[in-house]
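Asker: Provided herewith is a single structure, encoded as structure tokens, for subsequent inquiry.
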Amino acid sequence: MVLVVCITLVFLDLRTSWVGWIRYGAGYVTDAVHYVAHLPSTMGTWVGAQARTTEDLRDDNQRLDRQLLILQQKAQRLAVLEAENVRLRELLNSSARLDARVFVAEIIGVEPDPNRQELMINKGSGDSVFNGQAVLDASGLIGQITQVGPLASRVLLVTDATHALSVQVNRSGTRSILVGTGHPDRLRLLYVPDTADITEGDLLVTTGLGKRYPAGYPVAIVVAVQQEPGKAFLSVDARPTAHIDRSSHVLLVAPTAARRSAEARASASDEPTAATNEEGGIQ
Amino acid sequence: MSRTTTASGTPVIIVTLLVAAWLEVLPLPDVIEYFRPEWLAVAMVYWTIALPHRIGVVWGASVGLFQDVLLGTVLGQHALAMTLVVFIAQSSYKRMRVFPLPQQSAVVFMLIGVAVISSYLIQGIAGRAHLPPLAMLLSALTSAVFWRPAFSLLRWTRRQFLVR
């Protein structure tokens, strides 16, 4: 009897969204457990911060000051480039690329099951997190939100075996599909033709074609390209640029108001225009 | 719950289960992640053989469902596994109680092996299982190793707080 209920539940959860309320209700307790499990490392960080000497802090401060200076200088050039980019896009009549707003979340848990590559973050439905939201760290794409709980959310990493996204080679513009392998530092490109322009060290960036991820964020770096005789496709291995196993904070990309209204318009008129949805097809 | 007249200590059981849940998600280095014991299943086996008239398959299914939400798996995956574990433990608790501890550990290994494999099968249906199933059995092995301390601790708790 109970077994039948369980099996029914499995199928309901896999095929429909009717049982989401169980997840959400129990989330109040399970999210709290995740927070408590995160406490030891929080305390470790706190103790570490308390135990630092003034000298350390001064060194840190100097280093950060220098870094800030360099980054500010880069940002200055960025502003000019962005303006130029917008002008050129206007000339080409394609939609302007929008700068996305981001907000910060803390990682409070890592999925213990080695079959799955997932994270828990400390932002839930109260913080306007939504399903499918893109998650980044300072150096690249991490994944997307797959479950939003009341206090915490679950992030599916790009390295998970069930994850795939559309990417392109930054250098040549070759598009392909990047899939996870289940190993924390290995990704694979699918269906790369033998003649594709792709080499080791190439940076792969998001294309925005799946409408999930914003375009132009770095995802992975190609580490090995192997041509196997007799096979139609190259086997290409990559490693994520994001420091998935080392970062303690992540960035959530909030869609800008303009993009949201563009999407609403596109879905309302029922004929999605490629330019609005893909945030500009011309690179 | 027809025998609730003498039953007591439900909060204590729930607290031990929450501690087990906490141990399930406590961050561990990747290398020993495979060896993480199935703490919730171990705790449920203990409570089943200690209080078979109270802890049954409904408890098993509820705790399993809680574990599903906790670990973000398909709802029903651990519920099913835990139901099986509790059912088998409940039907053999008389024998379990008179076994010496090493033999108990062996039974716990088999019980949790059943749980792990059935949960692995459902994970496979959901398309989320890609490691060899034998690797999953490592956690059943460590669960059996940790059975003795867990048993002593839980028995002490049960006697201390007069859970009946």
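Here's how to read the names in the structure tokens: chain A, B, ... by the order shown, residue numbers from 1 in each chain, ligand numbers from 1 in the order shown.
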Check every residue of chain A for an atom within 8 Å of chain B, counting only C-alpha atoms, and provide those that qualify as a ChimeraX atom specification.
Answerer: /A:2-3,6-7,9-10,13-14,23,26-27,30-31,33-34,36-38,109-116,154,161-162,182
Asker: Once DSSP has gone over the backbone, tell me which residues of range 31-221 of chain A are in strand (DSSP E), as an MDAnalysis selection string.
Answerer: chainID A and resid 101:110 118:121 134:137 140:148 153:157 164:169 175:180 187:193 203:206 218:221
Asker: With a distance cut-off of 9 Å and only C-alpha atoms, select the neighbouring residues of Arg171 in chain A, excluding the residue or stretch itself and same-chain residues fewer than 3 positions from it, and output the selection as a count of residues only.
Answerer: 7
Asker: Would you list, as number ranges by chain, the residues of range 28-164 of chain B that end up in helix (DSSP H, G or I) under DSSP run on this structure's backbone?
Answerer: B: 30-33, 39-50, 57-71, 77-91, 93-98, 101-125, 133-145, 147-160
Asker: So what do you get for CA of Leu40 in chain B versus CA of Ser119 in chain B, distance-wise?
Answerer: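 Interatomic distance here is 13.6 Å.
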Asker: Within 7 Å of Asp160 in chain A, counting only C-alpha atoms, which residues qualify if same-chain residues fewer than 3 places away don't, as JSON, numbers by chain?
Answerer: {"A": [116, 117, 156, 157, 163, 180, 181, 182]}
Asker: Need the shell around Phe109 in chain B: protein/DNA/RNA residues with any atom at most 7 Å away, counting only C-alpha atoms. Skip same-chain ones fewer than 3 positions apart. Format as a list of chain:residue names?
Answerer: B:Ser105, B:Ala106, B:Ile112, B:Gly113, B:Ala140, B:Leu141, B:Ser143, B:Ala144
Asker: Suppose we keep all heavy atoms; can you now write the selection as a PDB file, in the first residue's frame?
Answerer:
ATOM      1  N   SER B 105      25.448  -6.081  12.424  1.00  0.00           N
ATOM      2  CA  SER B 105      26.061  -5.205  11.416  1.00  0.00           C
ATOM      3  C   SER B 105      25.864  -5.783  10.024  1.00  0.00           C
ATOM      4  O   SER B 105      25.564  -5.051   9.075  1.00  0.00           O
ATOM      5  CB  SER B 105      27.555  -5.038  11.684  1.00  0.00           C
ATOM      6  OG  SER B 105      27.747  -4.187  12.762  1.00  0.00           O
ATOM      7  N   ALA B 106      26.032  -7.107   9.910  1.00  0.00           N
ATOM      8  CA  ALA B 106      25.865  -7.747   8.603  1.00  0.00           C
ATOM      9  C   ALA B 106      24.440  -7.543   8.105  1.00  0.00           C
ATOM     10  O   ALA B 106      24.221  -7.229   6.923  1.00  0.00           O
ATOM     11  CB  ALA B 106      26.196  -9.228   8.699  1.00  0.00           C
ATOM     12  N   ILE B 112      20.590  -1.847   4.369  1.00  0.00           N
ATOM     13  CA  ILE B 112      20.908  -0.569   3.748  1.00  0.00           C
ATOM     14  C   ILE B 112      21.338  -0.778   2.306  1.00  0.00           C
ATOM     15  O   ILE B 112      21.100   0.082   1.450  1.00  0.00           O
ATOM     16  CB  ILE B 112      21.935   0.185   4.609  1.00  0.00           C
ATOM     17  CG1 ILE B 112      21.237   0.457   5.940  1.00  0.00           C
ATOM     18  CG2 ILE B 112      22.415   1.451   3.950  1.00  0.00           C
ATOM     19  CD1 ILE B 112      21.898   1.356   6.867  1.00  0.00           C
ATOM     20  N   GLY B 113      21.919  -1.955   2.024  1.00  0.00           N
ATOM     21  CA  GLY B 113      22.206  -2.300   0.635  1.00  0.00           C
ATOM     22  C   GLY B 113      20.929  -2.310  -0.190  1.00  0.00           C
ATOM     23  O   GLY B 113      20.877  -1.749  -1.284  1.00  0.00           O
ATOM     24  N   ALA B 140      26.689   1.652   2.214  1.00  0.00           N
ATOM     25  CA  ALA B 140      26.072   0.613   3.035  1.00  0.00           C
ATOM     26  C   ALA B 140      27.119  -0.042   3.923  1.00  0.00           C
ATOM     27  O   ALA B 140      26.873  -0.360   5.099  1.00  0.00           O
ATOM     28  CB  ALA B 140      25.404  -0.429   2.147  1.00  0.00           C
ATOM     29  N   LEU B 141      28.319  -0.201   3.345  1.00  0.00           N
ATOM     30  CA  LEU B 141      29.418  -0.806   4.109  1.00  0.00           C
ATOM     31  C   LEU B 141      29.773   0.051   5.326  1.00  0.00           C
ATOM     32  O   LEU B 141      29.864  -0.443   6.457  1.00  0.00           O
ATOM     33  CB  LEU B 141      30.626  -0.947   3.189  1.00  0.00           C
ATOM     34  CG  LEU B 141      31.698  -1.941   3.606  1.00  0.00           C
ATOM     35  CD1 LEU B 141      31.127  -3.338   3.596  1.00  0.00           C
ATOM     36  CD2 LEU B 141      32.887  -1.847   2.673  1.00  0.00           C
ATOM     37  N   SER B 143      27.893   2.233   6.715  1.00  0.00           N
ATOM     38  CA  SER B 143      26.753   2.236   7.633  1.00  0.00           C
ATOM     39  C   SER B 143      26.864   1.047   8.580  1.00  0.00           C
ATOM     40  O   SER B 143      26.622   1.169   9.784  1.00  0.00           O
ATOM     41  CB  SER B 143      25.444   2.137   6.864  1.00  0.00           C
ATOM     42  OG  SER B 143      25.346   3.166   5.941  1.00  0.00           O
ATOM     43  N   ALA B 144      27.249  -0.121   8.024  1.00  0.00           N
ATOM     44  CA  ALA B 144      27.392  -1.311   8.868  1.00  0.00           C
ATOM     45  C   ALA B 144      28.504  -1.124   9.881  1.00  0.00           C
ATOM     46  O   ALA B 144      28.394  -1.533  11.041  1.00  0.00           O
ATOM     47  CB  ALA B 144      27.664  -2.531   7.996  1.00  0.00           C
TER      48      ALA B 144
END
Asker: Measuring atom to atom with only C-alpha atoms, identify which of A:Arg246, A:Arg175, A:Arg212, A:Arg87 is nearest to Leu189 in chain A.
Answerer: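 Smallest separation from Leu189 in chain A among the options: A:Arg175.
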